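Here's the structure, in structure tokens; my notes come after.
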Amino acid sequence: MAAWSDILQEAREAVGFGGQVVPRNLEGIRAAVRPDRLPDLDAELATLSEGSAFEAFLDHWWTQALVDAAPDVDAQALAIDFADLATALRAKSTHGGTLTQAEVEDMLRGKAS
């Protein structure tokens with residue numbers, strides 16, 4: 001399994017992404033997403049109950065955080081391409097594996113990234 005940092009570097013080089021890479025965890029996402037989106041993030045988070053749903057939640061909101069952190073429309077489009085490739089490479093690397101319930105609980109408590 002490839003390390004997340006290696007996956008990010010591969011995706012960065014493939015699409016030419018030079019923007020800020022938001023950490024793919026709740027703390028990083030919450031810090032980067034626009035404040036008006038936080039109620040939607042919290043509402044969706046409250047409905048999650050399993051690792052695969054949490055992975056999809058992280059992928060969606062991580063992409064949104066990258067877009068929100070981008071300075072202009074062109075950078076936003078590049079951020080989407082970068083996030084799409086990075087999440088696809090992660091899924092390929094893990095053979096579709098998802099977080100365990102314990103890992104999800106640790107992330108919810110802010111203990112993992």
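Chain identifiers are assigned as A, B, and so on, following the order in which chains appear in the structure tokens; residues are numbered from 1 within each chain, and ligands are numbered from 1 in order of appearance.
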
Exercise: A:Phe17 partners within 8 Å, only C-alpha atoms, chain neighbours under 5 positions left out, as a ChimeraX atom specification: /A:11-12,78-79,82

Expected file contents, prior selection, C-alpha atoms, as a short mmCIF file (atom, residue, chain, number, x, y, z; two decimals), in the first residue's frame:
```cif
data_model
loop_
_atom_site.label_atom_id
_atom_site.label_comp_id
_atom_site.auth_asym_id
_atom_site.auth_seq_id
_atom_site.Cartn_x
_atom_site.Cartn_y
_atom_site.Cartn_z
CA ALA A 11 -1.38 13.28 -7.99
CA ARG A 12 0.28 16.70 -7.60
CA LEU A 78 -7.18 22.06 -10.66
CA ALA A 79 -7.96 21.27 -7.01
CA PHE A 82 -6.04 16.75 -7.92
#
```

Who sits within 10 Å of stretch 73-75 of chain A, only C-alpha atoms, same chain under 6 positions skipped, as a PyMOL selection string: chain A and resi 17-19+66-67+81

Nearest to A:Val33 by atom-to-atom distance, counting only C-alpha atoms, from A:Ala65, A:Ala3, A:Ala53, A:Leu48: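 Once distances to A:Val33 are computed over only C-alpha atoms, the minimum belongs to A:Ala65.
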
Atomic distance atom CA of A:Asp68 - atom CA of A:Arg34, expressed in Å with one decimal: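 Separation between atom CA of A:Asp68 and atom CA of A:Arg34: 6.1 Å.
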
Sel. of alpha helix (DSSP H) residues, stretch 18-92 of chain A, as a ChimeraX atom specification: /A:26-32,38-46,51-69,73-92

Separation of atom CA of A:Lys92 from atom CA of A:Ala2 in Å: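 Distance between the two atoms: 9.3 Å.
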
One-decimal distance in Å that lies between atom CA of A:Leu85 and atom CA of A:Leu45: 23.7 Å

Nearest residue to A:Arg37 from the set A:Ala86, A:Trp61, A:Pro71, A:Ser5 (distances using only C-alpha atoms):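 Among A:Ala86, A:Trp61, A:Pro71, A:Ser5, it is A:Trp61 that comes nearest to A:Arg37.
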
Long-range neighbours of A:Thr87 as a PyMOL selection string, 12 Å cut-off, only C-alpha atoms, 5 positions minimum in chain: chain A and resi 4+7-8+10-11+24+55-63+80-82+92-96

Let's have the selection written as a PDB file, in the first residue's frame, with N, CA and C atoms.
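Output file part_16.pdb follows:
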```pdb
ATOM      1  N   TRP A   4       0.154   7.813   1.953  1.00  0.00           N
ATOM      2  CA  TRP A   4      -0.685   8.944   1.537  1.00  0.00           C
ATOM      3  C   TRP A   4       0.170  10.074   0.975  1.00  0.00           C
ATOM      4  N   ILE A   7       1.052   9.231  -2.526  1.00  0.00           N
ATOM      5  CA  ILE A   7      -0.135   9.381  -3.374  1.00  0.00           C
ATOM      6  C   ILE A   7      -0.360  10.848  -3.697  1.00  0.00           C
ATOM      7  N   LEU A   8      -0.257  11.701  -2.692  1.00  0.00           N
ATOM      8  CA  LEU A   8      -0.442  13.137  -2.920  1.00  0.00           C
ATOM      9  C   LEU A   8       0.604  13.676  -3.886  1.00  0.00           C
ATOM     10  N   GLU A  10       2.245  12.004  -6.227  1.00  0.00           N
ATOM     11  CA  GLU A  10       1.948  11.491  -7.563  1.00  0.00           C
ATOM     12  C   GLU A  10       0.813  12.277  -8.207  1.00  0.00           C
ATOM     13  N   ALA A  11      -0.245  12.521  -7.459  1.00  0.00           N
ATOM     14  CA  ALA A  11      -1.382  13.283  -7.991  1.00  0.00           C
ATOM     15  C   ALA A  11      -0.971  14.720  -8.285  1.00  0.00           C
ATOM     16  N   ARG A  24      -6.427  15.502   5.089  1.00  0.00           N
ATOM     17  CA  ARG A  24      -7.655  14.731   4.884  1.00  0.00           C
ATOM     18  C   ARG A  24      -8.103  14.156   6.230  1.00  0.00           C
ATOM     19  N   GLU A  55     -15.416   7.170   4.844  1.00  0.00           N
ATOM     20  CA  GLU A  55     -14.457   7.381   3.755  1.00  0.00           C
ATOM     21  C   GLU A  55     -15.068   8.274   2.679  1.00  0.00           C
ATOM     22  N   ALA A  56     -16.299   7.982   2.283  1.00  0.00           N
ATOM     23  CA  ALA A  56     -16.975   8.794   1.261  1.00  0.00           C
ATOM     24  C   ALA A  56     -17.172  10.224   1.759  1.00  0.00           C
ATOM     25  N   PHE A  57     -17.541  10.366   3.024  1.00  0.00           N
ATOM     26  CA  PHE A  57     -17.690  11.682   3.644  1.00  0.00           C
ATOM     27  C   PHE A  57     -16.371  12.448   3.574  1.00  0.00           C
ATOM     28  N   LEU A  58     -15.262  11.807   3.977  1.00  0.00           N
ATOM     29  CA  LEU A  58     -13.953  12.462   3.938  1.00  0.00           C
ATOM     30  C   LEU A  58     -13.573  12.864   2.519  1.00  0.00           C
ATOM     31  N   ASP A  59     -13.790  11.957   1.561  1.00  0.00           N
ATOM     32  CA  ASP A  59     -13.451  12.273   0.171  1.00  0.00           C
ATOM     33  C   ASP A  59     -14.224  13.492  -0.316  1.00  0.00           C
ATOM     34  N   HIS A  60     -15.513  13.510  -0.052  1.00  0.00           N
ATOM     35  CA  HIS A  60     -16.356  14.627  -0.498  1.00  0.00           C
ATOM     36  C   HIS A  60     -15.920  15.944   0.147  1.00  0.00           C
ATOM     37  N   TRP A  61     -15.809  15.954   1.461  1.00  0.00           N
ATOM     38  CA  TRP A  61     -15.509  17.203   2.160  1.00  0.00           C
ATOM     39  C   TRP A  61     -14.049  17.617   2.009  1.00  0.00           C
ATOM     40  N   TRP A  62     -13.142  16.661   1.814  1.00  0.00           N
ATOM     41  CA  TRP A  62     -11.748  17.010   1.542  1.00  0.00           C
ATOM     42  C   TRP A  62     -11.658  17.732   0.200  1.00  0.00           C
ATOM     43  N   THR A  63     -12.359  17.223  -0.803  1.00  0.00           N
ATOM     44  CA  THR A  63     -12.389  17.891  -2.103  1.00  0.00           C
ATOM     45  C   THR A  63     -12.965  19.288  -1.961  1.00  0.00           C
ATOM     46  N   ILE A  80      -9.956  20.213  -7.915  1.00  0.00           N
ATOM     47  CA  ILE A  80     -10.890  19.096  -8.120  1.00  0.00           C
ATOM     48  C   ILE A  80     -10.192  17.950  -8.832  1.00  0.00           C
ATOM     49  N   ASP A  81      -9.435  18.256  -9.901  1.00  0.00           N
ATOM     50  CA  ASP A  81      -8.696  17.212 -10.617  1.00  0.00           C
ATOM     51  C   ASP A  81      -7.711  16.509  -9.683  1.00  0.00           C
ATOM     52  N   PHE A  82      -7.005  17.291  -8.879  1.00  0.00           N
ATOM     53  CA  PHE A  82      -6.043  16.747  -7.925  1.00  0.00           C
ATOM     54  C   PHE A  82      -6.739  15.821  -6.922  1.00  0.00           C
ATOM     55  N   LYS A  92      -7.203   2.668  -5.041  1.00  0.00           N
ATOM     56  CA  LYS A  92      -6.449   1.617  -5.728  1.00  0.00           C
ATOM     57  C   LYS A  92      -5.386   1.033  -4.803  1.00  0.00           C
ATOM     58  N   SER A  93      -4.692   1.883  -4.089  1.00  0.00           N
ATOM     59  CA  SER A  93      -3.624   1.454  -3.192  1.00  0.00           C
ATOM     60  C   SER A  93      -4.138   0.580  -2.056  1.00  0.00           C
ATOM     61  N   THR A  94      -5.315   0.894  -1.562  1.00  0.00           N
ATOM     62  CA  THR A  94      -5.884   0.138  -0.441  1.00  0.00           C
ATOM     63  C   THR A  94      -6.794  -0.989  -0.912  1.00  0.00           C
ATOM     64  N   HIS A  95      -6.876  -1.181  -2.230  1.00  0.00           N
ATOM     65  CA  HIS A  95      -7.750  -2.201  -2.816  1.00  0.00           C
ATOM     66  C   HIS A  95      -9.186  -2.021  -2.346  1.00  0.00           C
ATOM     67  N   GLY A  96      -9.582  -0.755  -2.241  1.00  0.00           N
ATOM     68  CA  GLY A  96     -10.947  -0.448  -1.837  1.00  0.00           C
ATOM     69  C   GLY A  96     -11.179  -0.545  -0.345  1.00  0.00           C
TER      70      GLY A  96
END
```
